[in-house]
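Chemist: Pasting a structure here, questions to come.
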Amino acid sequence: MKQEDFIILDELRKNSRRSLTEIGNLTNVTLSSVFKKVEKMEKKLIKKYVSLLSFENAGFSIRISLALKSKDRESLKKFLLEHPNVNSVYRTSQGYDFFVETVFPNMLSFENFMEQVSSVTSDKKIFHIIEDLRLEDFNLVQDGSSK
């Protein structure tokens with residue numbers, strides 16, 4: 001990928017609702033070039049456009065990440081992928097099978113979830129998320145030339 005592509009991607013990551021015209025103006029790339037580049041990126045690079053939520057303001061004040069080692073990897077994977085309180089699931093190494101981000105409206109919901117998880121895990125580490133310090137903020141342009 002060219003530096004120009006990374007600059008366009010950075011602008012999309014900052015605000016994916018921004019118009020292609022605005023991105024073109026910010027990056028000094030013509031509208032037709034931005035359109036073609038974004039269209040190509042949507043086929044191979046961009047997985048989906050999403051909004052980052054304030055879960056607490058949406059009524060989900062309990063946020064917990066878990067490192068899980070499974071008794072049966074496929075059963076645990078299926079459970080995690082289908083559970084409504086699971087926000088993200090990552091397959092991992094270093095002795096654990098999955099790293100999971102979860103959100104719950106209250107501790108009772110979390111405890112019910114953990115009872116279900118315990119039946120298919122052999123080990124777990126629990127991390128209570130206290131505060132977001134940085135979210136989805138990786139800058140693809142590493143030399144400081146992003147506008």
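Numbering starts fresh at 1 for the residues of each chain in the structure tokens, the chains themselves are lettered A, B, ... in the order given, and ligands are numbered from 1 as they appear.
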Output as CSV one row per residue of stretch 70-92 of chain A within 12 Å of stretch 43-66 of chain A: the closest atom pair and its distance in Å to one decimal place, counting only C-alpha atoms, sorted by chain and residue number ascending.
Modeler:
```
residue,atom,partner,partner_atom,distance
A:Leu80,CA,A:Leu66,CA,11.2
A:Asn85,CA,A:Phe60,CA,9.6
A:Val86,CA,A:Ser65,CA,9.5
A:Asn87,CA,A:Ser65,CA,9.7
A:Ser88,CA,A:Ser65,CA,9.3
A:Val89,CA,A:Leu66,CA,9.6
A:Tyr90,CA,A:Leu66,CA,10.3
A:Arg91,CA,A:Leu66,CA,11.8
A:Thr92,CA,A:Leu66,CA,11.5
```
Chemist: Output C-alpha atoms of each residue in that selection to a file, as a compact mmCIF listing (two decimals), in the first residue's frame.
Modeler:
```
# COMPACT_ATOMS: atom_id res chain seq x y z
CA LEU A 80 -18.76 -17.28 23.16
CA ASN A 85 -22.99 -10.17 26.25
CA VAL A 86 -19.77 -10.98 24.40
CA ASN A 87 -18.45 -7.96 22.51
CA SER A 88 -15.23 -9.44 21.07
CA VAL A 89 -13.51 -12.84 21.01
CA TYR A 90 -9.86 -13.40 20.15
CA ARG A 91 -8.06 -16.72 19.75
CA THR A 92 -4.83 -16.54 21.75
```
Chemist: Give me, as a VMD selection string, all polymer residues having an atom no more than 12 Å from stretch 118-120 of chain A, counting only C-alpha atoms and skipping those fewer than 5 positions away in the same chain.
Modeler: chain A and resid 66 68 to 80 97 111 to 113 125
Chemist: Atom CA of A:Phe138 and atom CA of A:Asn25, how far apart in Å?
Modeler: 21.9 Å
Chemist: If you run DSSP on the backbone here, which positions in stretch 29-117 of chain A get helix (DSSP H, G or I)? Please write them as a PyMOL selection string.
Modeler: chain A and resi 31-44+73-82+107-117
Chemist: Give me the residues near A:Asp10 as an MDAnalysis selection string, where near means some atom within 8 Å (using only C-alpha atoms) and where sequence neighbours in that chain fewer than 3 positions away do not count.
Modeler: chainID A and resid 6:7 13:14 139:141 146
